[in-house]
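Asks: Encoded as structure tokens, here's the structure I'll be asking about.
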Amino acid sequence: MLSVTYRVRSTGPEIDARAAAIAVEQSVEMPVAAIDDAVVLREIVGRVEGIVEVGTGLFEVRIGLATATIGPEAGQLLNMLFGNTSLHDDVELLDASLPPALLTAFGGPRHGLAGLRQRVGAAGRAMAASALKPQGLAPAALAELAGRLARGGIDFIKDDHGLADQAYSPFAERVPRCAEAVRSAALSRGCGTRYVPSLSGDLDALRRQVVLARSVGVDTVLVAPLILGLPALAALVRDFPDMAFFAHPALAGAARIAPPFLLGTLFRLLGADAIIFPNYGGRFGYTPATCRALADAARAPLGDLARVERGALAPAAPVPAGGMTLARVPELLAFYGTDVILLIGGNLLAAGARLTAEARAFMDQLLPQEPG
């Protein structure tokens, strides 16, 4: 069974009936009295496993759903977790206890935190990322920015997630230029900086873009799973096991799904190696508690420890972002520890002619400190 927890607005006298209705909606979606198949009644109809009041008019409802209704398909997983019930504005999907069969079917990150560290040579320290902005720049200008960031030693230089295949910056022109700029700068500095292009389009286009990126030496890419579709992420991870995937949270706010579960658990389950999310105190509204829970979900053991140690369910790298500044780096290292990728975009780019120097200052703050 798949045990799913929802946060439900209701009243004491009504919550039992409301919970039962969610169990039916997320399983058979019809009056149970009309079902005469014993197997369906016994094994498929959802069950209310527990109800806990957590505040005035607020309850956590735990529902047991049959794993057999899902199969190893990402879209159906989300459908069974929250498909119809997402249309009810009194319910939020909070969490789910994933059974071994689902963990094995999806497999999690192929590289994860440890693999990303190895790619950029970041043993014993936090990692750094930045973004190529703004939209509207031509490939040559973006490549020039990428080279300057790489000369500063930034570990991962990603496209802004809004960069797609626009006429002013076609993917097929932008990616080779940026990849070469980063490669040249990284070689001159002796570092392992990676360029991370943003993928867009339907699954056929995504596959073509990965093939093109791979042909110019790129081994890490950026996807927005809620825009491209969770099944597309799962398919790319399956088809290109050599690629590492950064997952962007665009559109996550449109779903009433708790961010630690959606971004930290589901994105990781489907193969995201690094998970970008809005950091507390930035441009977005996530609290420190939400960010802590999200980072923990990305890094904590997911399922059987033996499989985690073999890497099939490897920890993903949390990537706090969104209005980050160099001045906050010590605070964020204290909060997240070193198993993190700190993403600073606009604050670095605002340095203008001093961009490379500011990138180096960023990297200097991540170096292990000598004891007192």
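Letters A, B, ... mark the chains of the structure tokens in the order given; residue numbers begin at 1 per chain; ligand numbers begin at 1, in order shown.
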Excluding A:Val8 and residues on its chain fewer than 5 positions from it, collect all residues at most 7 Å away from it, counting only C-alpha atoms, and give them as a list of chain:residue names.

Replies: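 After dropping sequence-adjacent residues, the list is A:Leu58, A:Phe59, A:Glu60, A:Val61, A:Asp90, A:Val91, A:Glu92.
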
Asks: Would you save the residues of that selection, restricted to C-alpha atoms, as a tab-separated table (two decimals), in the first residue's frame?

Replies:
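The resulting file, out-v4.tsv, is shown below:
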chain	number	residue	atom	x	y	z
A	58	LEU	CA	-7.32	21.75	10.06
A	59	PHE	CA	-6.66	18.01	9.93
A	60	GLU	CA	-3.98	15.67	8.62
A	61	VAL	CA	-5.68	12.73	6.93
A	90	ASP	CA	-9.78	22.41	0.87
A	91	VAL	CA	-7.09	19.74	0.41
A	92	GLU	CA	-3.28	19.89	0.14

Asks: So that I can check the surroundings of stretch 119-124 of chain A, please list as a ChimeraX atom specification every protein, DNA and RNA residue that reaches within 8 Å of it, counting only C-alpha atoms and ignoring chain neighbours fewer than 6 positions away.

Replies: /A:155,191-194,338,368

Asks: Where in stretch 174-371 of chain A does DSSP assign strand (DSSP E or B), given as a CSV table (one decimal) with N, CA and C atoms, in the first residue's frame?

Replies:
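File produced: part-v5.csv:
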chain,number,residue,atom,x,y,z
A,194,ARG,N,31.0,23.2,-14.9
A,194,ARG,CA,30.1,22.7,-15.9
A,194,ARG,C,29.1,23.8,-16.4
A,195,TYR,N,28.8,23.8,-17.7
A,195,TYR,CA,27.8,24.5,-18.3
A,195,TYR,C,26.5,23.7,-18.3
A,196,VAL,N,25.4,24.3,-17.9
A,196,VAL,CA,24.1,23.5,-17.7
A,196,VAL,C,23.0,24.2,-18.6
A,198,SER,N,19.5,24.8,-20.5
A,198,SER,CA,18.1,24.6,-20.2
A,198,SER,C,17.4,23.9,-21.4
A,220,THR,N,25.6,17.9,-18.1
A,220,THR,CA,24.6,18.3,-17.1
A,220,THR,C,23.6,19.3,-17.7
A,221,VAL,N,22.3,19.0,-17.5
A,221,VAL,CA,21.3,19.9,-18.1
A,221,VAL,C,20.3,20.3,-17.1
A,222,LEU,N,19.5,21.3,-17.5
A,222,LEU,CA,18.5,21.9,-16.6
A,222,LEU,C,17.1,21.5,-17.2
A,223,VAL,N,16.2,21.1,-16.4
A,223,VAL,CA,14.8,20.8,-16.8
A,223,VAL,C,13.8,21.4,-15.8
A,244,ALA,N,23.5,14.4,-16.0
A,244,ALA,CA,23.0,14.8,-14.7
A,244,ALA,C,21.9,15.9,-14.9
A,245,PHE,N,20.9,15.9,-14.0
A,245,PHE,CA,19.8,16.7,-14.3
A,245,PHE,C,19.5,17.7,-13.1
A,246,PHE,N,19.6,19.0,-13.4
A,246,PHE,CA,19.1,20.0,-12.4
A,246,PHE,C,17.6,20.2,-12.6
A,247,ALA,N,16.8,20.2,-11.6
A,247,ALA,CA,15.4,20.4,-11.7
A,247,ALA,C,15.0,21.8,-11.2
A,257,ILE,N,0.6,21.2,-3.4
A,257,ILE,CA,1.4,20.1,-2.9
A,257,ILE,C,2.6,20.6,-2.1
A,274,ALA,N,19.9,17.4,-8.8
A,274,ALA,CA,20.0,18.6,-8.1
A,274,ALA,C,18.6,19.3,-8.2
A,275,ILE,N,18.2,19.9,-7.0
A,275,ILE,CA,16.8,20.4,-7.0
A,275,ILE,C,16.9,21.9,-6.6
A,276,ILE,N,16.5,22.8,-7.5
A,276,ILE,CA,16.5,24.2,-7.2
A,276,ILE,C,15.2,24.6,-6.6
A,277,PHE,N,15.3,25.4,-5.5
A,277,PHE,CA,14.1,25.8,-4.8
A,277,PHE,C,14.3,27.2,-4.3
A,278,PRO,N,13.2,28.0,-4.0
A,278,PRO,CA,13.3,29.3,-3.5
A,278,PRO,C,13.8,29.3,-2.0
A,317,ALA,N,21.2,17.0,-4.6
A,317,ALA,CA,21.8,18.2,-4.0
A,317,ALA,C,20.7,19.3,-3.9
A,318,PRO,N,20.4,19.8,-2.7
A,318,PRO,CA,19.5,20.9,-2.7
A,318,PRO,C,20.2,22.2,-3.2
A,319,VAL,N,19.5,23.0,-3.9
A,319,VAL,CA,20.0,24.2,-4.6
A,319,VAL,C,19.2,25.4,-4.2
A,320,PRO,N,19.4,26.0,-3.0
A,320,PRO,CA,18.6,27.2,-2.7
A,320,PRO,C,18.9,28.4,-3.6
A,321,ALA,N,17.9,29.1,-4.0
A,321,ALA,CA,18.1,30.2,-5.0
A,321,ALA,C,17.0,31.2,-4.8
A,341,ILE,N,24.3,23.2,-3.0
A,341,ILE,CA,24.8,24.0,-4.1
A,341,ILE,C,24.1,25.4,-3.9
A,342,LEU,N,24.9,26.4,-3.6
A,342,LEU,CA,24.3,27.8,-3.5
A,342,LEU,C,24.3,28.4,-4.8
A,343,LEU,N,23.1,28.9,-5.2
A,343,LEU,CA,22.9,29.5,-6.5
A,343,LEU,C,22.7,31.0,-6.4

Asks: If you run DSSP on the backbone here, which positions in stretch 206-361 of chain A get helix (DSSP H, G or I)? Please write them as a PyMOL selection string.

Replies: chain A and resi 206-215+225-228+230-239+252-254+259-269+288-299+305-310+326-336+346-349+352-361

Asks: Store the residues picked out above, limited to C-alpha atoms, as a PDB file, in the first residue's frame.

Replies:
ATOM      1  CA  LEU A 206      14.143  17.347 -25.463  1.00  0.00           C
ATOM      2  CA  ARG A 207      15.905  14.222 -26.694  1.00  0.00           C
ATOM      3  CA  ARG A 208      17.386  16.091 -29.662  1.00  0.00           C
ATOM      4  CA  GLN A 209      18.635  18.818 -27.351  1.00  0.00           C
ATOM      5  CA  VAL A 210      20.296  16.315 -25.008  1.00  0.00           C
ATOM      6  CA  VAL A 211      22.024  14.654 -27.960  1.00  0.00           C
ATOM      7  CA  LEU A 212      23.264  18.031 -29.232  1.00  0.00           C
ATOM      8  CA  ALA A 213      24.450  19.049 -25.750  1.00  0.00           C
ATOM      9  CA  ARG A 214      26.271  15.754 -25.301  1.00  0.00           C
ATOM     10  CA  SER A 215      27.972  16.192 -28.704  1.00  0.00           C
ATOM     11  CA  PRO A 225       9.625  19.042 -14.578  1.00  0.00           C
ATOM     12  CA  LEU A 226       6.243  20.669 -13.978  1.00  0.00           C
ATOM     13  CA  ILE A 227       6.395  22.472 -17.323  1.00  0.00           C
ATOM     14  CA  LEU A 228       7.850  19.596 -19.331  1.00  0.00           C
ATOM     15  CA  LEU A 230       7.054  14.494 -14.774  1.00  0.00           C
ATOM     16  CA  PRO A 231       6.969  11.597 -17.279  1.00  0.00           C
ATOM     17  CA  ALA A 232       9.350  13.565 -19.530  1.00  0.00           C
ATOM     18  CA  LEU A 233      11.851  13.903 -16.675  1.00  0.00           C
ATOM     19  CA  ALA A 234      11.611  10.179 -15.920  1.00  0.00           C
ATOM     20  CA  ALA A 235      12.078   9.325 -19.614  1.00  0.00           C
ATOM     21  CA  LEU A 236      15.156  11.554 -20.009  1.00  0.00           C
ATOM     22  CA  VAL A 237      16.769  10.127 -16.869  1.00  0.00           C
ATOM     23  CA  ARG A 238      16.101   6.609 -18.165  1.00  0.00           C
ATOM     24  CA  ASP A 239      17.314   7.282 -21.721  1.00  0.00           C
ATOM     25  CA  ALA A 252       5.415  24.458  -8.465  1.00  0.00           C
ATOM     26  CA  GLY A 253       3.331  27.191  -6.859  1.00  0.00           C
ATOM     27  CA  ALA A 254       0.370  26.302  -9.059  1.00  0.00           C
ATOM     28  CA  PRO A 259       7.161  21.771  -1.478  1.00  0.00           C
ATOM     29  CA  PRO A 260       9.279  19.312   0.539  1.00  0.00           C
ATOM     30  CA  PHE A 261       7.318  16.415  -0.947  1.00  0.00           C
ATOM     31  CA  LEU A 262       6.909  17.782  -4.487  1.00  0.00           C
ATOM     32  CA  LEU A 263      10.429  19.115  -4.980  1.00  0.00           C
ATOM     33  CA  GLY A 264      12.461  17.260  -2.391  1.00  0.00           C
ATOM     34  CA  THR A 265      10.914  13.797  -2.719  1.00  0.00           C
ATOM     35  CA  LEU A 266       9.074  13.452  -6.051  1.00  0.00           C
ATOM     36  CA  PHE A 267      11.658  15.268  -8.203  1.00  0.00           C
ATOM     37  CA  ARG A 268      14.395  13.194  -6.550  1.00  0.00           C
ATOM     38  CA  LEU A 269      12.441   9.944  -6.928  1.00  0.00           C
ATOM     39  CA  PRO A 288      13.152  28.500   6.916  1.00  0.00           C
ATOM     40  CA  ALA A 289      11.152  25.481   8.126  1.00  0.00           C
ATOM     41  CA  THR A 290       9.984  24.676   4.583  1.00  0.00           C
ATOM     42  CA  CYS A 291      13.515  25.054   3.207  1.00  0.00           C
ATOM     43  CA  ARG A 292      14.924  22.845   5.955  1.00  0.00           C
ATOM     44  CA  ALA A 293      12.308  20.144   5.294  1.00  0.00           C
ATOM     45  CA  LEU A 294      12.904  20.356   1.530  1.00  0.00           C
ATOM     46  CA  ALA A 295      16.683  20.044   1.865  1.00  0.00           C
ATOM     47  CA  ASP A 296      16.232  17.130   4.267  1.00  0.00           C
ATOM     48  CA  ALA A 297      13.869  15.390   1.823  1.00  0.00           C
ATOM     49  CA  ALA A 298      16.426  15.769  -0.968  1.00  0.00           C
ATOM     50  CA  ARG A 299      19.336  14.417   1.067  1.00  0.00           C
ATOM     51  CA  LEU A 305      19.720   1.946   3.022  1.00  0.00           C
ATOM     52  CA  ALA A 306      21.465  -0.787   1.059  1.00  0.00           C
ATOM     53  CA  ARG A 307      20.047   0.581  -2.184  1.00  0.00           C
ATOM     54  CA  VAL A 308      20.986   4.131  -1.184  1.00  0.00           C
ATOM     55  CA  GLU A 309      24.585   3.033  -0.623  1.00  0.00           C
ATOM     56  CA  ARG A 310      24.676   1.504  -4.103  1.00  0.00           C
ATOM     57  CA  LEU A 326      27.094  37.005  -1.500  1.00  0.00           C
ATOM     58  CA  ALA A 327      26.641  38.589   1.909  1.00  0.00           C
ATOM     59  CA  ARG A 328      24.389  35.714   2.980  1.00  0.00           C
ATOM     60  CA  VAL A 329      26.784  32.893   2.091  1.00  0.00           C
ATOM     61  CA  PRO A 330      28.083  32.333   5.682  1.00  0.00           C
ATOM     62  CA  GLU A 331      24.516  32.266   6.998  1.00  0.00           C
ATOM     63  CA  LEU A 332      23.415  29.772   4.349  1.00  0.00           C
ATOM     64  CA  LEU A 333      26.396  27.489   4.926  1.00  0.00           C
ATOM     65  CA  ALA A 334      25.541  27.456   8.621  1.00  0.00           C
ATOM     66  CA  PHE A 335      21.916  26.638   7.769  1.00  0.00           C
ATOM     67  CA  TYR A 336      22.382  23.985   5.042  1.00  0.00           C
ATOM     68  CA  GLY A 346      21.478  38.501 -10.263  1.00  0.00           C
ATOM     69  CA  ASN A 347      23.611  39.592  -7.319  1.00  0.00           C
ATOM     70  CA  LEU A 348      26.731  38.321  -9.095  1.00  0.00           C
ATOM     71  CA  LEU A 349      25.749  39.680 -12.504  1.00  0.00           C
ATOM     72  CA  GLY A 352      29.385  44.201 -14.074  1.00  0.00           C
ATOM     73  CA  ALA A 353      33.067  44.574 -14.950  1.00  0.00           C
ATOM     74  CA  ARG A 354      33.984  42.926 -11.621  1.00  0.00           C
ATOM     75  CA  LEU A 355      31.991  39.771 -12.357  1.00  0.00           C
ATOM     76  CA  THR A 356      34.961  37.385 -12.412  1.00  0.00           C
ATOM     77  CA  ALA A 357      36.403  38.873  -9.225  1.00  0.00           C
ATOM     78  CA  GLU A 358      33.051  38.598  -7.446  1.00  0.00           C
ATOM     79  CA  ALA A 359      32.707  34.992  -8.629  1.00  0.00           C
ATOM     80  CA  ARG A 360      36.119  34.254  -7.110  1.00  0.00           C
ATOM     81  CA  ALA A 361      35.036  35.919  -3.868  1.00  0.00           C
TER      82      ALA A 361
END

Asks: Rounded to one decimal place, report the atom CA of A:Asp202-atom CA of A:Leu132 distance in Å.

Replies: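 Between these atoms lies a distance of 23.0 Å.
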
Asks: Would you please work out which residue, of A:Thr11, A:Ser97, A:Thr5, A:Ser188, is nearest to A:Glu53 when using only C-alpha atoms?

Replies: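 Once distances to A:Glu53 are computed over only C-alpha atoms, the minimum belongs to A:Thr11.
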